[in-house]
Structure formats: C-alpha cells, structure tokens
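File shown: protein_33.pdb (PDB, C-alpha atoms).
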ATOM      1  CA  MET A   3     -30.228  -3.726 195.922
ATOM      2  CA  ILE A   4     -28.302  -6.939 195.414
ATOM      3  CA  ALA A   5     -27.380  -7.998 191.883
ATOM      4  CA  VAL A   6     -25.915 -11.163 190.470
ATOM      5  CA  VAL A   7     -23.318 -11.584 187.753
ATOM      6  CA  GLY A   8     -21.588 -14.715 186.604
ATOM      7  CA  HIS A   9     -20.502 -17.109 183.952
ATOM      8  CA  PRO A  10     -23.057 -17.631 181.162
ATOM      9  CA  ASP A  11     -22.061 -21.256 180.589
ATOM     10  CA  LEU A  12     -22.777 -22.940 183.923
ATOM     11  CA  SER A  13     -23.737 -26.600 183.755
ATOM     12  CA  ALA A  14     -27.240 -27.644 184.803
ATOM     13  CA  SER A  15     -25.896 -29.323 187.951
ATOM     14  CA  THR A  16     -23.922 -26.186 188.815
ATOM     15  CA  LEU A  17     -27.031 -24.037 188.443
ATOM     16  CA  VAL A  18     -28.730 -26.255 191.044
ATOM     17  CA  LEU A  19     -25.777 -25.797 193.436
ATOM     18  CA  VAL A  20     -25.669 -22.057 192.776
ATOM     19  CA  GLU A  21     -29.409 -21.609 193.279
ATOM     20  CA  GLU A  22     -29.208 -23.257 196.709
ATOM     21  CA  GLU A  23     -26.137 -21.210 197.692
ATOM     22  CA  LEU A  24     -27.818 -18.000 196.552
ATOM     23  CA  ARG A  25     -31.008 -18.809 198.457
ATOM     24  CA  ALA A  26     -29.055 -19.306 201.672
ATOM     25  CA  ARG A  27     -27.254 -15.983 201.236
ATOM     26  CA  LEU A  28     -30.326 -14.019 200.180
ATOM     27  CA  VAL A  29     -32.353 -14.825 203.305
ATOM     28  CA  GLU A  30     -30.502 -12.199 205.371
ATOM     29  CA  PHE A  31     -31.027  -9.570 202.661
ATOM     30  CA  ALA A  32     -34.739 -10.381 202.559
ATOM     31  CA  ARG A  33     -34.951  -9.898 206.345
ATOM     32  CA  ALA A  34     -33.268  -6.496 205.909
ATOM     33  CA  GLY A  35     -35.905  -5.461 203.354
ATOM     34  CA  ARG A  36     -33.527  -5.378 200.404
ATOM     35  CA  ALA A  37     -34.376  -6.319 196.825
ATOM     36  CA  GLY A  38     -32.590  -8.345 194.165
ATOM     37  CA  LEU A  39     -31.874  -6.988 190.691
ATOM     38  CA  VAL A  40     -31.322  -9.150 187.622
ATOM     39  CA  ARG A  41     -31.192  -8.654 183.860
ATOM     40  CA  ALA A  42     -33.597 -11.108 182.182
ATOM     41  CA  GLY A  43     -32.035 -14.223 180.677
ATOM     42  CA  LYS A  44     -31.601 -17.971 180.968
ATOM     43  CA  GLY A  45     -29.218 -19.741 183.311
ATOM     44  CA  LEU A  46     -27.868 -17.736 186.222
ATOM     45  CA  PRO A  47     -30.502 -14.951 186.119
ATOM     46  CA  THR A  48     -33.273 -17.529 186.419
ATOM     47  CA  ALA A  49     -31.473 -19.372 189.226
ATOM     48  CA  PHE A  50     -31.099 -16.040 191.046
ATOM     49  CA  GLY A  51     -34.791 -15.259 190.556
ATOM     50  CA  ARG A  52     -35.860 -18.629 191.929
ATOM     51  CA  ALA A  53     -33.467 -18.300 194.877
ATOM     52  CA  ALA A  54     -34.722 -14.783 195.616
ATOM     53  CA  ARG A  55     -38.340 -15.948 195.635
ATOM     54  CA  ARG A  56     -37.558 -18.908 197.921
ATOM     55  CA  ALA A  57     -35.606 -16.610 200.268
ATOM     56  CA  GLY A  58     -38.458 -14.085 200.414
ATOM     57  CA  LEU A  59     -36.411 -11.399 198.657
ATOM     58  CA  ALA A  60     -38.251  -8.929 196.430
ATOM     59  CA  LEU A  61     -37.045  -9.258 192.830
ATOM     60  CA  VAL A  62     -36.657  -6.564 190.186
ATOM     61  CA  THR A  63     -36.126  -7.776 186.609
ATOM     62  CA  VAL A  64     -34.523  -5.609 183.947
ATOM     63  CA  LEU A  65     -35.885  -5.934 180.417
ATOM     64  CA  PRO A  66     -34.420  -4.402 177.273
ATOM     65  CA  SER A  67     -36.227  -1.511 175.667
ATOM     66  CA  ARG A  68     -35.922   0.850 172.765
ATOM     67  CA  ASN A  69     -37.500   4.297 173.096
ATOM     68  CA  GLY A  70     -39.348   3.177 176.230
ATOM     69  CA  VAL A  71     -40.909   0.114 174.585
ATOM     70  CA  PRO A  72     -39.842  -3.430 175.552
ATOM     71  CA  THR A  73     -37.812  -5.194 172.863
ATOM     72  CA  GLN A  74     -37.726  -8.868 172.098
ATOM     73  CA  LEU A  75     -35.113 -11.101 173.698
ATOM     74  CA  ALA A  76     -33.316 -13.921 171.921
ATOM     75  CA  GLU A  77     -35.533 -16.989 171.589
ATOM     76  CA  LEU A  78     -33.488 -18.980 174.133
ATOM     77  CA  ASP A  79     -34.011 -16.244 176.763
ATOM     78  CA  ARG A  80     -37.754 -15.691 176.281
ATOM     79  CA  GLY A  81     -39.005 -18.531 178.472
ATOM     80  CA  ALA A  82     -36.585 -17.574 181.231
ATOM     81  CA  ALA A  83     -37.676 -13.945 180.990
ATOM     82  CA  GLY A  84     -41.288 -15.021 181.349
ATOM     83  CA  GLU A  85     -40.478 -16.976 184.483
ATOM     84  CA  LEU A  86     -38.530 -14.028 185.912
ATOM     85  CA  LEU A  87     -41.457 -11.707 185.251
ATOM     86  CA  LEU A  88     -43.725 -14.048 187.219
ATOM     87  CA  LEU A  89     -41.223 -14.090 190.095
ATOM     88  CA  SER A  90     -40.708 -10.307 190.087
ATOM     89  CA  GLU A  91     -42.372  -7.613 192.086
ATOM     90  CA  GLN A  92     -41.124  -4.936 189.723
ATOM     91  CA  VAL A  93     -39.855  -4.646 186.151
ATOM     92  CA  ARG A  94     -37.477  -1.990 184.890
ATOM     93  CA  LEU A  95     -37.057  -1.139 181.249
ATOM     94  CA  VAL A  96     -33.479  -0.271 180.318
ATOM     95  CA  GLU A  97     -32.341   0.974 176.922
ATOM     96  CA  TYR A  98     -30.069  -1.729 175.519
ATOM     97  CA  ASP A  99     -29.924  -4.115 172.593
ATOM     98  CA  PRO A 100     -30.054  -7.707 173.880
ATOM     99  CA  GLY A 101     -28.364  -8.923 170.695
ATOM    100  CA  ASP A 102     -25.328  -6.672 171.135
ATOM    101  CA  ARG A 103     -22.694  -7.836 173.627
ATOM    102  CA  GLY A 104     -21.352  -4.327 174.278
ATOM    103  CA  SER A 105     -24.839  -3.000 174.892
ATOM    104  CA  CYS A 106     -25.512  -5.793 177.401
ATOM    105  CA  VAL A 107     -22.249  -5.065 179.229
ATOM    106  CA  THR A 108     -23.174  -1.383 179.429
ATOM    107  CA  ALA A 109     -26.599  -2.332 180.834
ATOM    108  CA  ASP A 110     -24.935  -4.592 183.419
ATOM    109  CA  GLU A 111     -22.509  -1.827 184.428
ATOM    110  CA  SER A 112     -25.420   0.566 184.890
ATOM    111  CA  MET A 113     -27.247  -1.978 187.063
ATOM    112  CA  LEU A 114     -24.170  -2.551 189.219
ATOM    113  CA  ARG A 115     -23.719   1.161 189.911
ATOM    114  CA  HIS A 116     -27.138   1.143 191.607
ATOM    115  CA  CYS A 117     -26.423  -1.810 193.879
ATOM    116  CA  ALA A 118     -24.986  -2.087 197.374
ATOM    117  CA  ARG A 119     -23.760  -5.641 196.791
ATOM    118  CA  VAL A 120     -22.990  -7.984 193.925
ATOM    119  CA  LEU A 121     -23.009 -11.752 194.207
ATOM    120  CA  ALA A 122     -20.551 -12.986 191.582
ATOM    121  CA  VAL A 123     -20.798 -16.610 190.482
ATOM    122  CA  TRP A 124     -17.222 -16.720 189.280
ATOM    123  CA  ASP A 125     -14.370 -19.210 189.176
ATOM    124  CA  GLY A 126     -11.744 -16.439 189.186
ATOM    125  CA  SER A 127     -10.905 -16.750 185.488
ATOM    126  CA  PRO A 128     -10.149 -13.631 183.420
ATOM    127  CA  SER A 129     -12.676 -12.177 180.989
ATOM    128  CA  ASN A 130     -12.554 -13.394 177.417
ATOM    129  CA  GLY A 131     -14.395 -12.509 174.242
ATOM    130  CA  ARG A 132     -17.678 -13.983 175.473
ATOM    131  CA  ASP A 133     -17.553 -14.100 179.269
ATOM    132  CA  VAL A 134     -17.200 -10.705 180.976
ATOM    133  CA  THR A 135     -17.641 -11.858 184.576
ATOM    134  CA  ALA A 136     -14.130 -10.759 185.650
ATOM    135  CA  HIS A 137     -14.718  -7.358 184.060
ATOM    136  CA  LEU A 138     -18.032  -6.889 185.899
ATOM    137  CA  VAL A 139     -16.466  -7.908 189.223
ATOM    138  CA  ALA A 140     -13.639  -5.385 188.724
ATOM    139  CA  TYR A 141     -16.136  -2.752 187.566
ATOM    140  CA  ALA A 142     -18.318  -3.169 190.654
ATOM    141  CA  ARG A 143     -15.334  -3.053 192.994
ATOM    142  CA  SER A 144     -13.974   0.075 191.281
ATOM    143  CA  HIS A 145     -17.320   1.773 191.937
ATOM    144  CA  GLY A 146     -17.320   0.896 195.644
ATOM    145  CA  VAL A 147     -19.830  -1.938 195.379
ATOM    146  CA  ASP A 148     -19.254  -4.873 197.749
ATOM    147  CA  VAL A 149     -18.633  -8.074 195.794
ATOM    148  CA  GLU A 150     -19.084 -11.553 197.212
ATOM    149  CA  VAL A 151     -17.687 -14.351 195.054
ATOM    150  CA  ILE A 152     -19.571 -17.644 194.955
ATOM    151  CA  TRP A 153     -18.150 -20.795 193.395
ATOM    152  CA  PRO A 154     -19.632 -23.854 195.118
ATOM    153  CA  ARG A 155     -17.628 -27.057 195.494
ATOM    154  CA  GLY A 156     -18.336 -29.180 192.433
ATOM    155  CA  ALA A 157     -19.270 -26.204 190.212
ATOM    156  CA  ARG A 158     -18.515 -26.708 186.523
ATOM    157  CA  HIS A 159     -18.893 -24.943 183.234
ATOM    158  CA  GLY A 160     -21.221 -26.564 180.733
ATOM    159  CA  THR A 161     -21.856 -26.231 177.069
ATOM    160  CA  VAL A 162     -23.569 -23.149 175.752
ATOM    161  CA  ARG A 163     -26.529 -23.719 173.463
ATOM    162  CA  ARG A 164     -26.476 -21.356 170.532
ATOM    163  CA  GLU A 165     -29.438 -20.120 168.585
ATOM    164  CA  PRO A 166     -29.966 -21.836 165.264
ATOM    165  CA  SER A 167     -28.745 -19.770 162.311
TER
END
Just give me the structure as structure tokens.
Amino acid sequence: MIAVVGHPDLSASTLVLVEEELRARLVEFARAGRAGLVRAGKGLPTAFGRAARRAGLALVTVLPSRNGVPTQLAELDRGAAGELLLLSEQVRLVEYDPGDRGSCVTADESMLRHCARVLAVWDGSPSNGRDVTAHLVAYARSHGVDVEVIWPRGARHGTVRREPS
C-alpha cells in the first residue's frame, strides 16, 4: 500500500499542483498492482483520491468508526468523504474519533505501519500544535516505511476554514 500524509492547510492552487504530481508518481504503483490508502477528509486526501483514480491505482479509504459502526465526520469533511467513497474500491473502518486530534494521529500512525511507502506533501517544517506532518514522516521512517517527500515548485500554504461554532 501507498499512503499520503501532508499539510492540512494547502492552498487551492497547491492542491492542483500536488494532485498532478501525485498522479504522475502513482502510475508506476498502479502498474505494479499496488493500492493507495487514505483517511477520509478534505484537501490532500481528496487530491490523492482523484490522482489515484486518474493513475489507475486502486484506492482504499479509511473511515472512522466506534464499536464497528461508522461515525460522522466533521461537516467540512463530509462532502470530501463522499467523493472518496465513490473513488474507492474498498473502505476500511478504523476505531478513532475524527474530532480528537490525538485519535486522528493514532489512526494515521496505524495506517502508516501497514504501508510500504508514504508520499509526504511536506515543506520540511517541524510539527506544531495543529500540523503533524513532520511527526508522521519521522514515524513512518522509524518503522522502516519508505518516505518520498513532495513539495512542488510554487506550492503554498493557504488559509484553513474552520467549522462555525
């Protein structure tokens, strides 16, 4: 399996660049009969799903569950999750709380342990209170997973839309 991790605040124009870069890289994995693995969400996960589909790579989407029953995602992620489900050949339910940052990180770590390669959309910056990309890259490497960093020329961070309170 090939997974993707990356910054949650990529600009719209960067997501277009990243999607094209991912598609080009995923073609060889599709030819080798591999599959892509992504945790449902907006932004990078959706770009990865679209790129996987265009490259001919089978896609597996991870959805949150509680006691074996799917749980609801944040409103901003629901449309993206729906699109990913349509693009996917398989869905995996994983016990985690999508509203809890630590729970999401634990789910990502579990996903990475089951992958042969991680494509990291990362500018090289350290992790902070919200963005754990550097942590996930280090985690994958420490578990013997090959990591390929992607940061296309012209890539930028954007603004993160928050849910209304």
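Using the PyMOL selection byres ((chain A and resi 143-153) around 7) on the file at hand returns these residues: Arg115, Cys117, Ala118, Arg119, Val120, Leu121, Ala122, Val123, Trp124, Asp125, Val139, Ala140, Tyr141, Ala142, Pro154, Arg155 and Ala157 of chain A.
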**Request:** Could you please determine the separation between atom CA of Ala53 of chain A and atom CA of Arg25 of chain A in Å, to one decimal place?
**Result:**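 Interatomic distance, atom CA of Ala53 of chain A to atom CA of Arg25 of chain A: 4.4 Å.
With atom CA of Ser129 of chain A on one side and atom CA of Ile4 of chain A on the other, the separation reads 21.9 Å.
The shortest atom-to-atom distance to Arg68 of chain A, with all atoms listed in the file taken into account, belongs to A:Ser105 out of A:Gly84, A:Ser105, A:Thr48, A:Ala42.
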**Message:** Here's the selection I'm unsure about, the PyMOL selection byres ((chain A and resi 45) around 9); applied to the file above, which residues does it give, as a list in words?
**Reply:**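 On this input, the PyMOL selection byres ((chain A and resi 45) around 9) captures Pro10, Asp11, Leu12, Ser13, Ala14, Leu17, Gly43, Lys44, Leu46, Pro47, Thr48, Ala49, Phe50, Asp79 and Ala82 of chain A.
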Neighbouring residues of Ala5 of chain A were defined as those with any atom within 6 Å, considering only C-alpha atoms; residues of the same chain fewer than 4 positions away were excluded. Please report them as a tab-separated table (two decimals) with C-alpha atoms, in the coordinates of the input.
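Below is the file part_29.tsv, written as the result:
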chain	number	residue	atom	x	y	z
A	38	GLY	CA	-32.59	-8.35	194.16
A	39	LEU	CA	-31.87	-6.99	190.69
A	40	VAL	CA	-31.32	-9.15	187.62
A	120	VAL	CA	-22.99	-7.98	193.92
**Asked** Expressed in Å to a single decimal, how great is the separation between atom CA of Leu95 of chain A and atom CA of Ala76 of chain A?
**Response**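 Result for atom CA of Leu95 of chain A versus atom CA of Ala76 of chain A: 16.3 Å, one decimal.
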Box centre and edge lengths (Å, one decimal), axis-aligned, segment 22-31 of chain A plus 8 Å each side, as AutoDock Vina command-line options:
--center_x -29.2 --center_y -16.4 --center_z 201.0 --size_x 22.2 --size_y 29.7 --size_z 24.8
Explicit residue set for the PyMOL selection byres ((chain A and resi 133) around 12), as a PDB file with C-alpha atoms, in the coordinates of the input:
ATOM      1  CA  VAL A   7     -23.318 -11.584 187.753  1.00  0.00           C
ATOM      2  CA  GLY A   8     -21.588 -14.715 186.604  1.00  0.00           C
ATOM      3  CA  HIS A   9     -20.502 -17.109 183.952  1.00  0.00           C
ATOM      4  CA  PRO A  10     -23.057 -17.631 181.162  1.00  0.00           C
ATOM      5  CA  ASP A  11     -22.061 -21.256 180.589  1.00  0.00           C
ATOM      6  CA  LEU A  12     -22.777 -22.940 183.923  1.00  0.00           C
ATOM      7  CA  ARG A 103     -22.694  -7.836 173.627  1.00  0.00           C
ATOM      8  CA  GLY A 104     -21.352  -4.327 174.278  1.00  0.00           C
ATOM      9  CA  CYS A 106     -25.512  -5.793 177.401  1.00  0.00           C
ATOM     10  CA  VAL A 107     -22.249  -5.065 179.229  1.00  0.00           C
ATOM     11  CA  VAL A 123     -20.798 -16.610 190.482  1.00  0.00           C
ATOM     12  CA  TRP A 124     -17.222 -16.720 189.280  1.00  0.00           C
ATOM     13  CA  ASP A 125     -14.370 -19.210 189.176  1.00  0.00           C
ATOM     14  CA  GLY A 126     -11.744 -16.439 189.186  1.00  0.00           C
ATOM     15  CA  SER A 127     -10.905 -16.750 185.488  1.00  0.00           C
ATOM     16  CA  PRO A 128     -10.149 -13.631 183.420  1.00  0.00           C
ATOM     17  CA  SER A 129     -12.676 -12.177 180.989  1.00  0.00           C
ATOM     18  CA  ASN A 130     -12.554 -13.394 177.417  1.00  0.00           C
ATOM     19  CA  GLY A 131     -14.395 -12.509 174.242  1.00  0.00           C
ATOM     20  CA  ARG A 132     -17.678 -13.983 175.473  1.00  0.00           C
ATOM     21  CA  VAL A 134     -17.200 -10.705 180.976  1.00  0.00           C
ATOM     22  CA  THR A 135     -17.641 -11.858 184.576  1.00  0.00           C
ATOM     23  CA  ALA A 136     -14.130 -10.759 185.650  1.00  0.00           C
ATOM     24  CA  HIS A 137     -14.718  -7.358 184.060  1.00  0.00           C
ATOM     25  CA  LEU A 138     -18.032  -6.889 185.899  1.00  0.00           C
ATOM     26  CA  VAL A 139     -16.466  -7.908 189.223  1.00  0.00           C
ATOM     27  CA  HIS A 159     -18.893 -24.943 183.234  1.00  0.00           C
ATOM     28  CA  VAL A 162     -23.569 -23.149 175.752  1.00  0.00           C
TER      29      VAL A 162
END
**Asked** Nearest to Ala37 of chain A: which of A:Gly156, A:Gln92, A:Arg52, A:Glu77 is it, counting only C-alpha atoms?
**Response**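 For Ala37 of chain A, the nearest of the candidates is A:Gln92.
Within the 12 Å cut-off around Val96 of chain A, using all atoms listed in the file and omitting residues fewer than 4 positions from it on the same chain, the listed residues are A:Val40, A:Arg41, A:Ala42, A:Thr63, A:Val64, A:Leu65, A:Pro66, A:Ser67, A:Arg68, A:Asn69, A:Gly70, A:Val71, A:Pro72, A:Thr73, A:Pro100, A:Ser105, A:Cys106, A:Thr108, A:Ala109, A:Asp110, A:Glu111, A:Ser112, A:Met113.
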Tell me which residues come within 8 Å of (-38.1, -15.4, 202.6), as a short mmCIF file (atom, residue, chain, number, x, y, z; two decimals) with C-alpha atoms, in the coordinates of the input, counting only C-alpha atoms in the file's coordinates.
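Below is the file selection00.cif, written as the result:
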data_model
loop_
_atom_site.label_atom_id
_atom_site.label_comp_id
_atom_site.auth_asym_id
_atom_site.auth_seq_id
_atom_site.Cartn_x
_atom_site.Cartn_y
_atom_site.Cartn_z
CA VAL A 29 -32.35 -14.82 203.30
CA ALA A 32 -34.74 -10.38 202.56
CA ARG A 33 -34.95 -9.90 206.34
CA ALA A 54 -34.72 -14.78 195.62
CA ARG A 55 -38.34 -15.95 195.64
CA ARG A 56 -37.56 -18.91 197.92
CA ALA A 57 -35.61 -16.61 200.27
CA GLY A 58 -38.46 -14.08 200.41
CA LEU A 59 -36.41 -11.40 198.66
#
